[in-house]
>>> print(open('structure.tsv').read())   # TSV, C-alpha atoms and all ligand atoms
chain	number	residue	atom	x	y	z
G	1	MET	CA	-56.52	69.56	52.71
G	2	LYS	CA	-52.83	68.69	52.32
G	3	ASN	CA	-51.31	66.63	49.49
G	4	LYS	CA	-48.09	64.73	50.31
G	5	LYS	CA	-45.96	64.25	47.21
G	6	ILE	CA	-42.80	62.36	46.37
G	7	ILE	CA	-40.79	64.64	44.10
G	8	LEU	CA	-37.96	63.58	41.79
G	9	SER	CA	-35.13	65.77	43.06
G	10	SER	CA	-32.21	64.54	40.92
G	11	TYR	CA	-31.53	62.12	38.08
G	12	PRO	CA	-30.10	58.81	39.29
G	13	SER	CA	-26.89	57.41	37.96
G	14	GLY	CA	-27.26	53.63	38.01
G	15	MET	CA	-29.40	52.25	40.85
G	16	PRO	CA	-31.55	55.09	42.28
G	17	THR	CA	-30.97	56.14	45.88
G	18	GLU	CA	-33.33	57.75	48.35
G	19	GLU	CA	-31.43	61.02	47.76
G	20	ASN	CA	-32.95	61.18	44.25
G	21	PHE	CA	-36.32	61.93	45.87
G	22	LYS	CA	-37.77	64.36	48.37
G	23	ILE	CA	-41.14	64.61	50.03
G	24	GLU	CA	-43.19	67.82	49.89
G	25	GLU	CA	-46.59	68.86	51.13
G	26	SER	CA	-48.93	71.42	49.56
G	27	GLU	CA	-52.51	72.56	49.89
G	28	VAL	CA	-55.00	70.86	47.51
G	29	ASN	CA	-56.53	73.47	45.16
G	30	GLU	CA	-60.29	73.97	44.70
G	31	LEU	CA	-61.60	71.65	41.99
G	32	THR	CA	-62.46	73.17	38.64
G	33	ASP	CA	-64.93	71.69	36.11
G	34	ASN	CA	-64.25	68.04	35.19
G	35	GLU	CA	-61.79	67.54	38.03
G	36	PHE	CA	-61.96	65.07	40.90
G	37	LEU	CA	-59.93	64.59	44.05
G	38	VAL	CA	-58.59	61.17	44.98
G	39	GLU	CA	-57.52	59.89	48.37
G	40	THR	CA	-54.75	57.42	47.58
G	41	LEU	CA	-55.01	53.95	49.07
G	42	TYR	CA	-52.07	52.22	47.33
G	43	LEU	CA	-49.15	53.31	45.17
G	44	SER	CA	-47.65	50.95	42.66
G	45	VAL	CA	-43.85	50.83	42.33
G	46	ASP	CA	-43.05	49.43	38.90
G	47	PRO	CA	-39.75	48.66	37.15
G	48	PHE	CA	-40.41	50.85	34.07
G	49	LEU	CA	-40.56	53.96	36.28
G	50	ARG	CA	-36.78	53.77	36.50
G	51	MET	CA	-36.59	54.62	32.79
G	52	LEU	CA	-38.83	57.63	33.29
G	53	MET	CA	-36.29	59.01	35.77
G	54	ASN	CA	-33.73	59.67	33.04
G	55	PRO	CA	-33.31	63.13	31.55
G	56	SER	CA	-35.15	63.78	28.31
G	57	ASP	CA	-32.94	63.99	25.26
G	58	GLU	CA	-33.15	63.14	21.60
G	59	SER	CA	-32.65	59.41	22.30
G	60	ASN	CA	-35.90	59.05	24.22
G	61	ALA	CA	-37.84	61.90	22.60
G	62	ALA	CA	-40.13	59.51	20.71
G	63	SER	CA	-41.32	57.95	23.96
G	64	ARG	CA	-41.97	61.40	25.43
G	65	ASP	CA	-44.03	62.67	22.53
G	66	GLU	CA	-46.46	64.09	25.07
G	67	GLY	CA	-43.65	65.42	27.25
G	68	PRO	CA	-41.89	63.67	30.14
G	69	ILE	CA	-44.43	62.41	32.65
G	70	THR	CA	-42.02	63.09	35.47
G	71	ASP	CA	-38.94	65.27	35.77
G	72	ILE	CA	-36.85	67.05	38.36
G	73	GLY	CA	-39.10	69.08	40.62
G	74	LYS	CA	-42.22	67.21	39.53
G	75	VAL	CA	-44.24	64.51	41.28
G	76	MET	CA	-42.73	61.10	40.56
G	77	ALA	CA	-44.81	59.22	37.99
G	78	GLY	CA	-46.47	56.02	39.13
G	79	GLY	CA	-49.64	54.00	39.37
G	80	ASN	CA	-52.12	55.02	42.01
G	81	LEU	CA	-55.22	53.30	43.37
G	82	GLY	CA	-57.58	55.42	45.42
G	83	LYS	CA	-61.04	56.63	46.32
G	84	VAL	CA	-62.72	59.69	44.82
G	85	ILE	CA	-63.55	62.01	47.73
G	86	GLN	CA	-64.72	65.10	45.80
G	87	SER	CA	-65.84	65.32	42.20
G	88	LYS	CA	-66.90	67.73	39.50
G	89	ASN	CA	-66.81	64.99	36.89
G	90	ASP	CA	-69.81	62.68	36.41
G	91	LYS	CA	-67.61	59.84	35.13
G	92	TYR	CA	-65.82	59.73	38.49
G	93	PRO	CA	-68.49	59.97	41.21
G	94	GLU	CA	-67.60	60.44	44.86
G	95	GLY	CA	-66.97	57.12	46.54
G	96	SER	CA	-65.76	55.35	43.39
G	97	ILE	CA	-62.45	53.49	43.42
G	98	VAL	CA	-60.15	54.60	40.61
G	99	GLU	CA	-56.83	53.45	39.21
G	100	GLY	CA	-54.39	55.27	36.94
G	101	MET	CA	-51.00	56.93	36.59
G	102	LEU	CA	-51.74	59.69	39.09
G	103	GLY	CA	-48.25	59.79	40.55
G	104	TRP	CA	-46.74	59.15	43.95
G	105	GLN	CA	-48.94	61.48	45.99
G	106	SER	CA	-51.57	61.19	48.69
G	107	HIS	CA	-54.29	63.44	47.20
G	108	PRO	CA	-54.02	63.80	43.42
G	109	VAL	CA	-56.45	65.97	41.49
G	110	SER	CA	-57.22	64.65	38.02
G	111	ASN	CA	-59.53	65.08	35.06
G	112	GLY	CA	-59.08	61.45	33.93
G	113	TRP	CA	-55.72	62.19	32.25
G	114	ILE	CA	-54.72	59.95	29.37
G	115	ASN	CA	-51.16	59.56	28.13
G	116	LYS	CA	-51.09	57.63	24.85
G	117	ARG	CA	-47.81	55.87	25.54
G	118	HIS	CA	-47.78	55.29	29.28
G	119	ASN	CA	-51.43	55.36	30.35
G	120	PRO	CA	-53.70	54.94	27.34
G	121	ALA	CA	-56.57	53.72	29.52
G	122	GLY	CA	-56.49	57.00	31.48
G	123	VAL	CA	-57.97	56.85	34.97
G	124	VAL	CA	-60.40	53.95	35.21
G	125	VAL	CA	-63.22	53.35	37.64
G	126	CYS	CA	-62.82	49.89	39.20
G	127	LYS	CA	-65.96	47.76	38.94
G	128	SER	CA	-67.59	47.35	42.35
G	129	SER	CA	-69.28	44.15	41.09
G	130	ILE	CA	-65.95	42.29	41.07
G	131	ASP	CA	-65.45	40.48	44.34
G	132	VAL	CA	-61.73	40.81	45.14
G	133	PRO	CA	-59.86	42.87	47.73
G	134	ILE	CA	-59.41	46.44	46.44
G	135	SER	CA	-55.61	46.20	46.42
G	136	ALA	CA	-55.84	43.54	43.68
G	137	TYR	CA	-56.58	46.36	41.22
G	138	ALA	CA	-53.02	47.54	41.74
G	139	SER	CA	-51.48	44.05	41.67
G	140	ILE	CA	-52.87	41.01	39.86
G	141	LEU	CA	-55.68	43.00	38.19
G	142	GLY	CA	-53.36	45.91	37.46
G	143	ARG	CA	-50.82	46.29	34.65
G	144	ALA	CA	-48.44	43.66	36.08
G	145	GLY	CA	-51.10	40.94	36.18
G	146	LEU	CA	-52.67	41.93	32.87
G	147	THR	CA	-49.24	41.74	31.24
G	148	ALA	CA	-48.83	38.11	32.27
G	149	PHE	CA	-52.45	37.34	31.39
G	150	PHE	CA	-52.46	38.75	27.85
G	151	CYS	CA	-48.91	37.74	27.03
G	152	MET	CA	-49.54	34.12	28.00
G	153	THR	CA	-53.13	33.64	26.85
G	154	ARG	CA	-52.96	35.64	23.60
G	155	GLU	CA	-49.39	35.56	22.41
G	156	LEU	CA	-47.32	32.72	23.86
G	157	LYS	CA	-50.20	30.23	24.24
G	158	PRO	CA	-48.37	27.50	26.17
G	159	LYS	CA	-49.52	23.96	25.40
G	160	LYS	CA	-49.56	20.66	27.23
G	161	ASN	CA	-45.99	19.37	27.74
G	162	ASP	CA	-44.34	22.53	26.39
G	163	THR	CA	-41.25	23.57	28.31
G	164	VAL	CA	-41.89	27.15	29.47
G	165	VAL	CA	-39.15	29.30	31.01
G	166	ILE	CA	-39.94	32.52	32.87
G	167	SER	CA	-37.49	35.04	34.38
G	168	ALA	CA	-38.22	37.26	37.41
G	169	ALA	CA	-40.54	34.34	38.17
G	170	ALA	CA	-41.40	35.27	41.75
G	171	GLY	CA	-42.36	38.84	40.86
G	172	ALA	CA	-45.77	40.28	40.08
G	173	GLY	CA	-45.94	39.34	36.41
G	174	GLY	CA	-43.71	36.25	36.38
G	175	SER	CA	-45.52	34.52	39.24
G	176	LEU	CA	-48.83	34.75	37.38
G	177	ALA	CA	-47.34	33.86	33.99
G	178	GLY	CA	-46.04	30.57	35.42
G	179	GLN	CA	-49.38	29.66	36.98
G	180	ILE	CA	-51.14	30.29	33.67
G	181	ALA	CA	-48.68	28.03	31.87
G	182	LYS	CA	-49.36	25.33	34.48
G	183	GLN	CA	-53.10	25.64	33.75
G	184	TYR	CA	-52.33	24.73	30.13
G	185	GLY	CA	-50.40	21.65	31.29
G	186	SER	CA	-46.89	22.90	30.51
G	187	TYR	CA	-43.65	22.03	32.30
G	188	VAL	CA	-42.68	25.36	33.90
G	189	VAL	CA	-39.25	26.56	34.97
G	190	GLY	CA	-38.90	29.84	36.87
G	191	ILE	CA	-35.70	31.81	37.35
G	192	CYS	CA	-35.49	34.13	40.35
G	193	GLY	CA	-33.09	35.69	42.83
G	194	SER	CA	-33.21	33.69	46.09
G	195	ASP	CA	-33.85	30.24	47.55
G	196	LYS	CA	-36.90	31.67	49.32
G	197	LYS	CA	-38.32	32.73	45.96
G	198	VAL	CA	-37.57	29.30	44.48
G	199	GLU	CA	-39.48	27.72	47.35
G	200	TYR	CA	-42.39	30.13	46.81
G	201	ILE	CA	-42.80	29.45	43.11
G	202	THR	CA	-42.42	25.68	43.39
G	203	LYS	CA	-44.17	24.89	46.68
G	204	GLU	CA	-46.84	27.62	46.68
G	205	LEU	CA	-47.48	28.26	43.00
G	206	GLY	CA	-46.81	24.87	41.44
G	207	PHE	CA	-43.89	25.69	39.10
G	208	ASP	CA	-42.05	22.46	38.29
G	209	VAL	CA	-38.56	23.84	38.88
G	210	GLY	CA	-37.02	27.03	40.23
G	211	ILE	CA	-33.48	28.30	39.68
G	212	ASN	CA	-31.81	30.83	41.98
G	213	TYR	CA	-29.64	32.75	39.51
G	214	LYS	CA	-27.83	34.53	42.37
G	215	LYS	CA	-26.38	31.31	43.81
G	216	ASN	CA	-22.60	31.45	44.20
G	217	ASN	CA	-20.61	30.47	41.11
G	218	ILE	CA	-23.70	29.51	39.18
G	219	ASN	CA	-23.44	29.00	35.43
G	220	ILE	CA	-26.93	30.05	34.50
G	221	PHE	CA	-26.88	28.51	31.03
G	222	ASN	CA	-25.81	25.10	32.41
G	223	GLU	CA	-28.46	25.25	35.15
G	224	ILE	CA	-31.25	26.01	32.69
G	225	LYS	CA	-30.01	23.36	30.28
G	226	LYS	CA	-29.95	20.77	33.07
G	227	VAL	CA	-33.62	21.29	33.91
G	228	CYS	CA	-34.77	21.72	30.29
G	229	PRO	CA	-33.52	18.46	28.71
G	230	ASN	CA	-36.02	18.89	25.85
G	231	GLY	CA	-35.10	22.50	25.10
G	232	VAL	CA	-37.34	25.55	25.49
G	233	ASP	CA	-40.66	25.95	23.67
G	234	VAL	CA	-41.99	29.09	25.35
G	235	HIS	CA	-39.79	31.90	26.66
G	236	TYR	CA	-41.32	34.72	28.79
G	237	ASP	CA	-38.54	37.17	29.48
G	238	ASN	CA	-38.77	39.88	32.14
G	239	VAL	CA	-35.10	40.67	32.55
G	240	GLY	CA	-32.98	40.64	29.35
G	241	GLY	CA	-29.19	40.33	29.58
G	242	GLU	CA	-27.37	37.08	30.33
G	243	ILE	CA	-30.47	35.23	31.53
G	244	MET	CA	-32.32	36.07	28.32
G	245	ASP	CA	-29.36	35.04	26.17
G	246	SER	CA	-28.99	31.74	28.05
G	247	ILE	CA	-32.64	30.79	27.62
G	248	ALA	CA	-32.52	31.81	23.95
G	249	ARG	CA	-29.65	29.37	23.31
G	250	LEU	CA	-32.03	26.55	24.20
G	251	HIS	CA	-34.94	27.56	21.95
G	252	ASN	CA	-36.48	24.65	20.06
G	253	PRO	CA	-37.62	24.99	16.44
G	254	GLY	CA	-41.04	26.64	16.51
G	255	TYR	CA	-40.39	28.29	19.90
G	256	ARG	CA	-42.57	31.20	21.03
G	257	TYR	CA	-40.83	34.12	22.70
G	258	ARG	CA	-41.82	37.51	24.12
G	259	LEU	CA	-39.49	40.09	25.59
G	260	VAL	CA	-41.68	41.57	28.30
G	261	GLY	CA	-39.04	43.63	30.11
G	262	ILE	CA	-35.29	44.17	30.49
G	263	ILE	CA	-35.03	45.04	34.15
G	264	SER	CA	-31.38	43.94	34.29
G	265	GLU	CA	-30.59	46.94	32.09
G	266	TYR	CA	-32.84	49.70	33.40
G	267	ASN	CA	-30.08	51.10	35.59
G	268	THR	CA	-27.42	51.23	32.91
G	269	VAL	CA	-26.98	53.85	30.26
G	270	PRO	CA	-26.19	52.07	27.02
G	271	ASP	CA	-23.72	53.84	24.75
G	272	ASN	CA	-26.47	54.91	22.40
G	273	LYS	CA	-28.72	55.92	25.37
G	274	LYS	CA	-31.70	54.46	23.54
G	275	PHE	CA	-33.75	53.41	26.54
G	276	TRP	CA	-37.11	53.40	24.93
G	277	SER	CA	-36.16	52.10	21.56
G	278	TRP	CA	-35.06	48.87	23.35
G	279	PRO	CA	-31.78	47.47	22.10
G	280	TYR	CA	-33.45	44.24	21.06
G	281	GLU	CA	-35.27	42.96	18.07
G	282	LYS	CA	-38.95	42.19	18.37
G	283	PRO	CA	-40.99	40.31	19.50
G	284	MET	CA	-41.59	42.65	22.39
G	285	PHE	CA	-44.77	42.49	24.39
G	286	VAL	CA	-46.68	45.69	25.17
G	287	VAL	CA	-49.61	45.41	27.55
G	288	HIS	CA	-51.12	48.67	26.26
G	289	ASP	CA	-51.90	46.88	22.99
G	290	TYR	CA	-54.72	45.26	25.00
G	291	THR	CA	-56.12	48.44	26.58
G	292	ASN	CA	-59.56	47.85	25.06
G	293	GLU	CA	-59.66	44.37	26.57
G	294	TYR	CA	-58.59	45.16	30.13
G	295	ASP	CA	-62.16	44.73	31.42
G	296	SER	CA	-62.48	41.19	30.11
G	297	GLY	CA	-58.97	40.32	31.38
G	298	ILE	CA	-59.86	41.64	34.84
G	299	GLU	CA	-63.09	39.63	34.87
G	300	THR	CA	-61.37	36.39	33.87
G	301	LEU	CA	-58.56	36.89	36.37
G	302	SER	CA	-60.93	37.68	39.22
G	303	ASN	CA	-62.89	34.52	38.42
G	304	TRP	CA	-59.65	32.53	38.46
G	305	ILE	CA	-58.77	34.04	41.86
G	306	ASN	CA	-62.16	33.20	43.30
G	307	ASP	CA	-62.09	29.66	41.82
G	308	GLY	CA	-58.64	29.10	43.35
G	309	LYS	CA	-57.02	28.70	39.93
G	310	VAL	CA	-54.37	31.36	40.59
G	311	LYS	CA	-52.75	32.77	43.70
G	312	TYR	CA	-51.17	36.16	44.14
G	313	HIS	CA	-49.07	37.81	46.78
G	314	GLU	CA	-48.83	41.49	47.61
G	315	ASP	CA	-45.61	42.69	49.16
G	316	ILE	CA	-46.83	45.73	51.06
G	317	ILE	CA	-44.74	48.55	52.52
G	318	ASN	CA	-46.53	51.12	54.67
G	319	GLY	CA	-46.34	54.90	54.42
G	320	ILE	CA	-45.93	57.28	51.48
G	321	GLU	CA	-42.57	58.45	52.86
G	322	ASN	CA	-41.27	54.89	52.30
G	323	THR	CA	-42.20	54.82	48.60
G	324	PRO	CA	-38.66	55.52	47.29
G	325	LYS	CA	-37.25	52.82	49.57
G	326	ALA	CA	-39.98	50.39	48.42
G	327	PHE	CA	-39.21	51.15	44.77
G	328	ILE	CA	-35.45	50.76	45.14
G	329	GLY	CA	-35.96	47.53	47.09
G	330	MET	CA	-38.12	46.15	44.27
G	331	LEU	CA	-35.41	46.98	41.73
G	332	LYS	CA	-32.97	45.07	43.96
G	333	GLY	CA	-35.27	42.05	44.13
G	334	GLU	CA	-36.63	42.33	47.70
G	335	ASN	CA	-40.20	41.62	46.64
G	336	ILE	CA	-42.18	38.41	46.31
G	337	GLY	CA	-45.25	39.12	44.19
G	338	LYS	CA	-46.38	42.70	43.57
G	339	ARG	CA	-44.78	45.40	45.65
G	340	LEU	CA	-47.24	48.10	46.71
G	341	VAL	CA	-47.13	50.99	49.13
G	342	LYS	CA	-50.14	51.36	51.42
G	343	ILE	CA	-50.94	54.97	52.20
D	1	LIG	P1	-41.48	42.29	39.55
D	1	LIG	O1	-41.08	41.06	38.81
D	1	LIG	O2	-42.53	42.19	40.59
D	1	LIG	O3	-40.21	42.95	40.25
D	1	LIG	C1	-39.02	43.07	39.58
D	1	LIG	C2	-38.11	41.84	39.82
D	1	LIG	O4	-37.08	41.83	38.84
D	1	LIG	C3	-37.35	41.89	41.14
D	1	LIG	O5	-38.12	41.38	42.19
D	1	LIG	C4	-36.13	41.03	40.83
D	1	LIG	O6	-36.38	39.68	41.23
D	1	LIG	C5	-36.01	41.07	39.31
D	1	LIG	N1	-34.73	41.69	38.93
D	1	LIG	C6	-34.25	42.89	39.28
D	1	LIG	N2	-33.03	43.10	38.75
D	1	LIG	C7	-32.73	41.99	38.07
D	1	LIG	C8	-31.61	41.58	37.31
D	1	LIG	N3	-30.53	42.37	37.15
D	1	LIG	N4	-31.61	40.36	36.73
D	1	LIG	C9	-32.69	39.55	36.87
D	1	LIG	N5	-33.80	39.88	37.58
D	1	LIG	C10	-33.80	41.08	38.16
D	1	LIG	O7	-41.87	43.40	38.49
D	1	LIG	P2	-43.06	43.36	37.41
D	1	LIG	O8	-43.87	44.58	37.62
D	1	LIG	O9	-43.74	42.04	37.39
D	1	LIG	O10	-42.26	43.55	36.04
D	1	LIG	C11	-41.47	42.50	35.51
D	1	LIG	C12	-40.93	42.95	34.14
D	1	LIG	O11	-42.02	43.16	33.26
D	1	LIG	C13	-40.15	44.26	34.19
D	1	LIG	O12	-39.06	44.16	33.29
D	1	LIG	C14	-41.15	45.27	33.70
D	1	LIG	O13	-40.57	46.42	33.13
D	1	LIG	C15	-41.90	44.44	32.67
D	1	LIG	N6	-43.24	44.90	32.31
D	1	LIG	C16	-43.51	44.99	30.98
D	1	LIG	C17	-44.77	45.36	30.57
D	1	LIG	C18	-45.03	45.42	29.09
D	1	LIG	O14	-46.12	45.83	28.67
D	1	LIG	N7	-44.08	45.00	28.28
D	1	LIG	C19	-45.77	45.65	31.51
D	1	LIG	C20	-45.47	45.53	32.87
D	1	LIG	C21	-44.18	45.13	33.26
D	1	LIG	P3	-35.18	38.60	41.45
D	1	LIG	O15	-35.03	38.45	42.92
D	1	LIG	O16	-35.72	37.41	40.77
D	1	LIG	O17	-33.95	39.16	40.82
>>> encode(input="structure.tsv", output="structure tokens")
Amino acid sequence: MKNKKIILSSYPSGMPTEENFKIEESEVNELTDNEFLVETLYLSVDPFLRMLMNPSDESNAASRDEGPITDIGKVMAGGNLGKVIQSKNDKYPEGSIVEGMLGWQSHPVSNGWINKRHNPAGVVVCKSSIDVPISAYASILGRAGLTAFFCMTRELKPKKNDTVVISAAAGAGGSLAGQIAKQYGSYVVGICGSDKKVEYITKELGFDVGINYKKNNINIFNEIKKVCPNGVDVHYDNVGGEIMDSIARLHNPGYRYRLVGIISEYNTVPDNKKFWSWPYEKPMFVVHDYTNEYDSGIETLSNWINDGKVKYHEDIINGIENTPKAFIGMLKGENIGKRLVKI
């Protein structure tokens, strides 16, 4: 059997290009004890993977305490949802659906690999009792959805009439975060990169207001201020940079704030090159802090989906060979909801 793999072929400088990747094919080896073979169904293209594409040096050594999980010549790191088709590991029986950081490849062989920093849950078997389409395990029930779920329900705890502002609001995490805040009765403002996205979050998802930060000559601070006359009580930040600073200038006393991501800066090399130490003060949010509670988060979210309390959208690109293009497009803001690659 052949395994198709997307290999990191060079380090990007700024926005990655398709030339930073190449596709290779190799024979799948015989399984040894404890191993299982997965047939990939979906690959997840996630913003943080961009940071894993940088060369290892002393500035990011702490985050690579178990070694870089991708590097030149290696399979590109990434989330993978698939079906076990051969197994020598009782925890992963043939036919089970599994999810984990198995890389951008069509037929990964694994032993359940755990990486403390990037994949502390290891490879997990998805519960067949949960009645949602399989792909949801890579989108709303995957890391992106769980991030919004735990950050909102456990840390930011929006209340009735709070003003909640969310950046990258039409993306995988932001779109769910806003719907959760609406469930609590908050007034929710989403910031995103096109009029189409504004329409999606307001008309489809029920956000109160959307702001297209890419509109010509926009002054983002003034726009946010205009729609937040009572200031900002809850700030869910996916992007960092100017948008983060503008929202922060409107914080009310007693505000709650979590820095969930800084996608506006993943393509830049700061002077101190400290990608993983994050150039910001806490409070950062880290979804892995909730690894032991993923099962209960997944159950609650799947109930919400089935009760019509939340909607989700998957932005699907077909074909493993299109994974780099899908990833780069997500970094450029092409996606509405969670971008996945269907294999
Ligand atoms: P996503 O929102 O589905 O996709 C990324 C979106 O970011 C793009 O669609 C784009 O939308 C926006 N974006 C790209 N460049 C931007 C820029 N320069 N300024 C403003 N927005 C920009 O991705 P996601 O998976 O849900 O992740 C969202 C954030 O959460 C990322 O920062 C990610 O690293 C972070 N994250 C953190 C954790 C954690 O545990 N802390 C876990 C998962 C994800 P627009 O069209 O709106 O620009």
>>> residues_around(input="structure.tsv", residues="Asp233 in chain G", least_positions_apart="5", cutoff="12 Å", atoms="only C-alpha atoms", output="list in words")
Leu156, Lys157, Pro158, Lys159, Lys160, Asn161, Asp162, Thr163, Val164, Val165, Ile166, Ala181, Ser186, Tyr187, Val188, Val189, Cys228, Ile247, Ala248, Arg249, Leu250, His251, Asn252, Pro253, Gly254, Tyr255, Arg256, Tyr257 and Arg258 of chain G
>>> closest_residue(input="structure.tsv", among="G:Lys88, G:Lys4, G:Lys74, G:Lys22", to="Ser110 in chain G", atoms="only C-alpha atoms")
G:Lys88
>>> closest_atom_pairs(input="structure.tsv", of="chain G", to="ligand LIG 1 (chain D)", cutoff="7 Å", atoms="only C-alpha atoms and all ligand atoms", output="Markdown table")
| residue | atom | partner | partner_atom | distance |
| --- | --- | --- | --- | --- |
| G:Asp46 | CA | D:LIG1 | O8 | 5.1 |
| G:Pro47 | CA | D:LIG1 | O13 | 4.7 |
| G:Phe48 | CA | D:LIG1 | O13 | 4.5 |
| G:Arg143 | CA | D:LIG1 | C20 | 5.7 |
| G:Ala144 | CA | D:LIG1 | C20 | 4.8 |
| G:Thr147 | CA | D:LIG1 | C19 | 5.2 |
| G:Ser167 | CA | D:LIG1 | N5 | 6.9 |
| G:Ala168 | CA | D:LIG1 | O16 | 4.2 |
| G:Ala169 | CA | D:LIG1 | O16 | 6.3 |
| G:Ala170 | CA | D:LIG1 | O16 | 6.1 |
| G:Gly171 | CA | D:LIG1 | O1 | 3.3 |
| G:Ala172 | CA | D:LIG1 | O2 | 3.8 |
| G:Gly173 | CA | D:LIG1 | O9 | 3.6 |
| G:Gly174 | CA | D:LIG1 | O9 | 5.9 |
| G:Ile191 | CA | D:LIG1 | O16 | 6.6 |
| G:Cys192 | CA | D:LIG1 | O16 | 3.3 |
| G:Gly193 | CA | D:LIG1 | O15 | 3.4 |
| G:Ser194 | CA | D:LIG1 | O15 | 6.0 |
| G:Asn238 | CA | D:LIG1 | C12 | 4.3 |
| G:Val239 | CA | D:LIG1 | C9 | 5.1 |
| G:Val260 | CA | D:LIG1 | N7 | 4.2 |
| G:Gly261 | CA | D:LIG1 | O12 | 3.2 |
| G:Ile262 | CA | D:LIG1 | O12 | 4.7 |
| G:Ile263 | CA | D:LIG1 | O12 | 4.2 |
| G:Ser264 | CA | D:LIG1 | N3 | 3.4 |
| G:Glu265 | CA | D:LIG1 | N3 | 6.8 |
| G:Met284 | CA | D:LIG1 | N7 | 6.8 |
| G:Phe285 | CA | D:LIG1 | N7 | 4.7 |
| G:Val286 | CA | D:LIG1 | O14 | 3.5 |
| G:Val287 | CA | D:LIG1 | O14 | 3.7 |
| G:His288 | CA | D:LIG1 | O14 | 6.2 |
| G:Met330 | CA | D:LIG1 | O5 | 5.2 |
| G:Leu331 | CA | D:LIG1 | C6 | 4.9 |
| G:Lys332 | CA | D:LIG1 | C6 | 5.3 |
| G:Gly333 | CA | D:LIG1 | O5 | 3.5 |
| G:Glu334 | CA | D:LIG1 | O5 | 5.8 |
| G:Asn335 | CA | D:LIG1 | O5 | 4.9 |
| G:Ile336 | CA | D:LIG1 | O5 | 6.5 |
| G:Gly337 | CA | D:LIG1 | O2 | 5.5 |
| G:Lys338 | CA | D:LIG1 | O2 | 4.9 |
| G:Arg339 | CA | D:LIG1 | O2 | 6.4 |
>>> residues_near_point(input="structure.tsv", point="(-41.0, 55.2, 50.4)", cutoff="10 Å", atoms="only C-alpha atoms", output="PyMOL selection string")
chain G and resi 6+18+21-23+43+45+104+317-329+341-342
>>> closest_residue(input="structure.tsv", among="G:Met53, G:Met152, G:Ser302, G:Val124", to="Ile72 in chain G", atoms="only C-alpha atoms")
G:Met53
>>> closest_residue(input="structure.tsv", among="G:Ile343, G:Leu37, G:Met76, G:Leu301", to="Ile130 in chain G", atoms="all atoms listed in the file")
G:Leu301
>>> atom_distance(input="structure.tsv", atom1="CA of Lys5 in chain G", atom2="CA of Thr291 in chain G")
27.9 Å
>>> residues_around(input="structure.tsv", residues="Gly73 in chain G", least_positions_apart="2", cutoff="7 Å", atoms="all atoms listed in the file", output="list of chain:residue names")
G:Ile7, G:Leu8, G:Ser9, G:Asp71, G:Val75
